[in-house]
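Note: the block below is data-v7.txt and it holds compact mmCIF, N, CA and C atoms.
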# COMPACT_ATOMS: atom_id res chain seq x y z
N ALA H 1 89.28 251.34 31.11
CA ALA H 1 90.50 250.77 30.55
C ALA H 1 90.18 250.08 29.24
N GLY H 2 91.20 249.90 28.44
CA GLY H 2 91.03 249.26 27.15
C GLY H 2 91.45 250.18 26.04
N ASP H 3 91.39 249.65 24.82
CA ASP H 3 91.76 250.46 23.68
C ASP H 3 90.61 251.39 23.30
N LEU H 4 90.89 252.29 22.38
CA LEU H 4 89.89 253.29 22.02
C LEU H 4 88.61 252.69 21.42
N PRO H 5 88.70 251.67 20.56
CA PRO H 5 87.44 251.07 20.09
C PRO H 5 86.58 250.53 21.24
N PHE H 6 87.21 249.97 22.26
CA PHE H 6 86.46 249.49 23.43
C PHE H 6 85.84 250.66 24.20
N LYS H 7 86.65 251.70 24.44
CA LYS H 7 86.16 252.87 25.20
C LYS H 7 85.08 253.63 24.45
N SER H 8 85.07 253.49 23.13
CA SER H 8 84.09 254.23 22.32
C SER H 8 82.67 253.73 22.51
N ARG H 9 82.51 252.65 23.23
CA ARG H 9 81.15 252.18 23.52
C ARG H 9 80.36 253.23 24.30
N VAL H 10 81.06 254.17 24.91
CA VAL H 10 80.37 255.25 25.61
C VAL H 10 79.47 256.01 24.64
N PHE H 11 79.88 256.13 23.39
CA PHE H 11 79.06 256.81 22.40
C PHE H 11 77.74 256.07 22.18
N ASP H 12 77.79 254.74 22.21
CA ASP H 12 76.55 253.96 22.07
C ASP H 12 75.64 254.19 23.27
N ASN H 13 76.23 254.39 24.44
CA ASN H 13 75.44 254.58 25.65
C ASN H 13 74.80 255.96 25.74
N ILE H 14 75.42 256.97 25.13
CA ILE H 14 74.81 258.31 25.19
C ILE H 14 73.81 258.54 24.08
N SER H 15 73.87 257.76 23.02
CA SER H 15 72.96 257.96 21.89
C SER H 15 71.49 257.97 22.29
N PRO H 16 71.02 257.04 23.14
CA PRO H 16 69.60 257.07 23.52
C PRO H 16 69.22 258.32 24.33
N LEU H 17 70.20 259.02 24.86
CA LEU H 17 69.94 260.20 25.67
C LEU H 17 69.94 261.49 24.86
N THR H 18 70.20 261.38 23.59
CA THR H 18 70.30 262.57 22.74
C THR H 18 69.18 262.61 21.72
N ARG H 19 68.98 263.79 21.19
CA ARG H 19 68.02 263.97 20.10
C ARG H 19 68.78 264.07 18.79
N PRO H 20 68.14 263.70 17.69
CA PRO H 20 68.78 263.88 16.39
C PRO H 20 69.19 265.35 16.21
N GLY H 21 70.37 265.54 15.68
CA GLY H 21 70.88 266.89 15.46
C GLY H 21 71.69 267.43 16.63
N THR H 22 71.71 266.70 17.75
CA THR H 22 72.49 267.14 18.92
C THR H 22 73.98 267.04 18.60
N ARG H 23 74.73 268.08 18.95
CA ARG H 23 76.19 268.04 18.79
C ARG H 23 76.79 267.56 20.10
N ILE H 24 77.58 266.51 20.01
CA ILE H 24 78.32 266.04 21.17
C ILE H 24 79.76 266.53 21.03
N PHE H 25 80.44 266.65 22.14
CA PHE H 25 81.83 267.10 22.08
C PHE H 25 82.56 266.63 23.33
N GLY H 26 83.86 266.64 23.25
CA GLY H 26 84.67 266.23 24.38
C GLY H 26 86.13 266.18 23.98
N TYR H 27 86.92 265.52 24.80
CA TYR H 27 88.33 265.35 24.49
C TYR H 27 88.82 264.05 25.11
N THR H 28 89.91 263.59 24.59
CA THR H 28 90.60 262.44 25.15
C THR H 28 92.09 262.62 24.89
N LEU H 29 92.88 261.96 25.65
CA LEU H 29 94.33 262.00 25.44
C LEU H 29 94.71 260.85 24.52
N VAL H 30 95.48 261.15 23.49
CA VAL H 30 95.92 260.12 22.55
C VAL H 30 97.43 260.02 22.60
N TYR H 31 97.93 258.95 22.03
CA TYR H 31 99.36 258.68 22.13
C TYR H 31 100.08 258.82 20.80
N ASP H 32 99.35 259.05 19.71
CA ASP H 32 100.00 259.13 18.41
C ASP H 32 99.97 260.56 17.87
N GLY H 33 100.77 260.80 16.87
CA GLY H 33 100.76 262.09 16.20
C GLY H 33 101.24 263.24 17.06
N VAL H 34 101.90 262.93 18.15
CA VAL H 34 102.33 263.98 19.07
C VAL H 34 103.85 263.92 19.16
N PRO H 35 104.50 265.05 18.93
CA PRO H 35 105.96 265.05 19.08
C PRO H 35 106.35 264.62 20.50
N LEU H 36 107.30 263.74 20.59
CA LEU H 36 107.75 263.26 21.89
C LEU H 36 108.58 264.34 22.56
N ARG H 37 108.09 264.82 23.66
CA ARG H 37 108.82 265.80 24.45
C ARG H 37 109.23 265.13 25.75
N ILE H 38 110.19 265.70 26.40
CA ILE H 38 110.72 265.07 27.62
C ILE H 38 109.63 264.86 28.66
N ARG H 39 108.81 265.89 28.92
CA ARG H 39 107.76 265.74 29.93
C ARG H 39 106.79 264.65 29.56
N ARG H 40 106.33 264.66 28.30
CA ARG H 40 105.38 263.65 27.87
C ARG H 40 106.01 262.27 27.91
N GLY H 41 107.26 262.18 27.52
CA GLY H 41 107.96 260.90 27.53
C GLY H 41 108.11 260.31 28.92
N LEU H 42 108.10 261.17 29.92
CA LEU H 42 108.21 260.70 31.30
C LEU H 42 106.84 260.55 31.97
N VAL H 43 105.98 261.52 31.75
CA VAL H 43 104.70 261.57 32.46
C VAL H 43 103.70 260.54 31.95
N HIS H 44 103.52 260.45 30.65
CA HIS H 44 102.51 259.52 30.11
C HIS H 44 102.78 258.07 30.49
N PRO H 45 104.00 257.57 30.29
CA PRO H 45 104.24 256.18 30.71
C PRO H 45 104.02 255.98 32.21
N LEU H 46 104.41 256.95 33.01
CA LEU H 46 104.20 256.84 34.46
C LEU H 46 102.71 256.81 34.79
N LEU H 47 101.94 257.73 34.21
CA LEU H 47 100.50 257.76 34.48
C LEU H 47 99.80 256.49 33.97
N ASN H 48 100.27 255.95 32.85
CA ASN H 48 99.71 254.69 32.36
C ASN H 48 100.05 253.55 33.31
N ARG H 49 101.28 253.50 33.79
CA ARG H 49 101.68 252.45 34.73
C ARG H 49 100.89 252.53 36.02
N LEU H 50 100.65 253.75 36.49
CA LEU H 50 99.88 253.95 37.73
C LEU H 50 98.37 253.79 37.51
N ARG H 51 97.97 253.62 36.26
CA ARG H 51 96.58 253.46 35.86
C ARG H 51 95.73 254.71 36.13
N VAL H 52 96.39 255.86 36.10
CA VAL H 52 95.67 257.13 36.19
C VAL H 52 95.01 257.41 34.85
N ILE H 53 95.72 257.10 33.78
CA ILE H 53 95.18 257.17 32.43
C ILE H 53 95.47 255.84 31.75
N ASP H 54 94.80 255.58 30.67
CA ASP H 54 95.03 254.37 29.89
C ASP H 54 94.93 254.75 28.42
N ASN H 55 96.01 255.35 27.90
CA ASN H 55 95.95 255.82 26.53
C ASN H 55 97.12 255.33 25.68
N ALA H 56 97.87 254.36 26.15
CA ALA H 56 99.04 253.90 25.42
C ALA H 56 98.69 253.36 24.03
N ASN H 57 97.48 252.89 23.85
CA ASN H 57 97.06 252.35 22.55
C ASN H 57 96.02 253.22 21.85
N ASP H 58 95.78 254.41 22.35
CA ASP H 58 94.76 255.28 21.77
C ASP H 58 95.34 256.07 20.60
N ARG H 59 94.67 255.99 19.48
CA ARG H 59 95.11 256.64 18.25
C ARG H 59 94.02 257.59 17.75
N THR H 60 94.45 258.69 17.18
CA THR H 60 93.52 259.68 16.63
C THR H 60 92.64 259.04 15.56
N SER H 61 93.23 258.20 14.72
CA SER H 61 92.47 257.55 13.65
C SER H 61 91.36 256.65 14.21
N ASP H 62 91.62 255.98 15.32
CA ASP H 62 90.59 255.14 15.95
C ASP H 62 89.45 255.99 16.49
N LEU H 63 89.78 257.15 17.06
CA LEU H 63 88.74 258.05 17.56
C LEU H 63 87.87 258.53 16.41
N HIS H 64 88.50 258.95 15.33
CA HIS H 64 87.72 259.44 14.19
C HIS H 64 86.85 258.32 13.60
N ALA H 65 87.39 257.12 13.52
CA ALA H 65 86.62 255.98 13.00
C ALA H 65 85.42 255.67 13.89
N ALA H 66 85.62 255.72 15.21
CA ALA H 66 84.52 255.44 16.14
C ALA H 66 83.43 256.49 16.03
N LEU H 67 83.81 257.74 15.89
CA LEU H 67 82.82 258.81 15.74
C LEU H 67 82.09 258.68 14.41
N SER H 68 82.84 258.45 13.34
CA SER H 68 82.24 258.37 11.99
C SER H 68 81.28 257.20 11.86
N ALA H 69 81.51 256.14 12.62
CA ALA H 69 80.63 254.98 12.56
C ALA H 69 79.28 255.25 13.21
N ARG H 70 79.22 256.29 14.05
CA ARG H 70 78.00 256.53 14.82
C ARG H 70 77.33 257.88 14.53
N PHE H 71 78.12 258.84 14.08
CA PHE H 71 77.64 260.21 13.97
C PHE H 71 77.97 260.79 12.61
N ILE H 72 77.51 262.01 12.38
CA ILE H 72 77.83 262.74 11.16
C ILE H 72 78.59 264.01 11.55
N ASP H 73 79.14 264.68 10.57
CA ASP H 73 79.85 265.95 10.77
C ASP H 73 80.88 265.81 11.91
N CYS H 74 81.73 264.79 11.80
CA CYS H 74 82.71 264.50 12.84
C CYS H 74 83.97 265.35 12.64
N ASN H 75 84.50 265.83 13.73
CA ASN H 75 85.70 266.64 13.69
C ASN H 75 86.60 266.24 14.86
N VAL H 76 87.87 266.00 14.56
CA VAL H 76 88.86 265.70 15.59
C VAL H 76 90.04 266.63 15.36
N GLU H 77 90.39 267.39 16.38
CA GLU H 77 91.51 268.32 16.29
C GLU H 77 92.51 267.96 17.37
N LEU H 78 93.74 267.75 16.93
CA LEU H 78 94.80 267.37 17.85
C LEU H 78 95.54 268.61 18.32
N ILE H 79 95.56 268.82 19.63
CA ILE H 79 96.31 269.91 20.25
C ILE H 79 97.21 269.26 21.28
N GLY H 80 98.49 269.19 20.96
CA GLY H 80 99.40 268.44 21.81
C GLY H 80 98.98 266.98 21.81
N CYS H 81 98.75 266.41 22.97
CA CYS H 81 98.29 265.03 23.05
C CYS H 81 96.78 264.96 23.30
N MET H 82 96.13 266.11 23.27
CA MET H 82 94.69 266.16 23.51
C MET H 82 93.94 266.18 22.17
N ALA H 83 93.06 265.22 21.99
CA ALA H 83 92.23 265.17 20.80
C ALA H 83 90.86 265.72 21.16
N LEU H 84 90.58 266.93 20.68
CA LEU H 84 89.27 267.54 20.88
C LEU H 84 88.36 267.02 19.77
N PHE H 85 87.16 266.60 20.14
CA PHE H 85 86.27 266.05 19.11
C PHE H 85 84.87 266.62 19.24
N SER H 86 84.19 266.62 18.11
CA SER H 86 82.77 266.95 18.09
C SER H 86 82.14 266.15 16.96
N ALA H 87 80.85 265.92 17.09
CA ALA H 87 80.10 265.18 16.08
C ALA H 87 78.62 265.46 16.31
N VAL H 88 77.82 265.16 15.30
CA VAL H 88 76.38 265.41 15.37
C VAL H 88 75.63 264.08 15.29
N VAL H 89 74.65 263.94 16.18
CA VAL H 89 73.78 262.76 16.16
C VAL H 89 72.96 262.82 14.89
N PRO H 90 72.99 261.76 14.10
CA PRO H 90 72.28 261.81 12.81
C PRO H 90 70.76 261.87 12.98
N THR H 91 70.14 262.51 12.01
CA THR H 91 68.68 262.51 11.92
C THR H 91 68.27 261.35 11.03
N ALA H 92 67.00 261.04 11.02
CA ALA H 92 66.52 259.94 10.17
C ALA H 92 66.85 260.22 8.71
N ALA H 93 66.75 261.48 8.28
CA ALA H 93 67.05 261.84 6.90
C ALA H 93 68.52 261.64 6.57
N SER H 94 69.40 261.94 7.52
CA SER H 94 70.82 261.83 7.25
C SER H 94 71.29 260.38 7.25
N THR H 95 70.59 259.48 7.91
CA THR H 95 71.00 258.09 7.92
C THR H 95 70.56 257.37 6.64
N ARG H 96 69.61 257.92 5.92
CA ARG H 96 69.14 257.31 4.68
C ARG H 96 70.04 257.64 3.50
N GLN H 97 70.94 258.61 3.64
CA GLN H 97 71.77 259.03 2.50
C GLN H 97 72.84 258.04 2.18
What is this file in structure tokens?
Amino acid sequence: AGDLPFKSRVFDNISPLTRPGTRIFGYTLVYDGVPLRIRRGLVHPLLNRLRVIDNANDRTSDLHAALSARFIDCNVELIGCMALFSAVVPTAASTRQ
């Protein structure tokens, strides 16, 4: 639970488990930039209230900022309310630039 900057701490936790140059990827549900459709307008608030998901404050821009602060070659693609992301763990050479 929490906002996306809080949840992004997971990236800090996986960093020690990766090698430089490793591409990470995943997805999350976001609440912005998505046309409001009847199903989404009913389902998302219900799932948030039931605490099945916690994305009422999750923004695509926050996801990109969290990735960019930790990784290189970051990509976020919004498909519906799903933000697909990928990024590369920096190498020592890339962090010196």
Review point. For Ser15 of chain H, which residue among H:Val89, H:Gly2, H:Leu78, H:Leu29 is the nearest when counting all atoms listed in the file?
Key: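 Of H:Val89, H:Gly2, H:Leu78, H:Leu29, the one nearest Ser15 of chain H, counting all atoms listed in the file, is H:Val89.
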Point to revise | strand (DSSP E) residues, from DSSP on the backbone, in segment 6-94 of chain H, as a PyMOL selection string | key: chain H and resi 23-29+72-79+82-88
Practice item. Give me the residues within 8 Å of segment 49-55 of chain H as a list in words, counting only C-alpha atoms and dropping any in the same chain fewer than 5 places off. Key: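 Within the cut-off, the hits are Ala1, Gly2, Asp3, Leu4, Leu29, Val30 and Tyr31 of chain H.
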Check your understanding: How many Å lie between atom CA of Lys7 of chain H and atom CA of Asp62 of chain H, rounded to one decimal?
Key ->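 These atoms are spaced 10.5 Å apart.
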Practice item. Find the residues near Ser86 of chain H: any atom within 6 Å, counting only N, CA and C atoms, skip ones fewer than 4 places away on the same chain, and give them as an NGL selection string. Key: :H and (24-26 or 73-76)
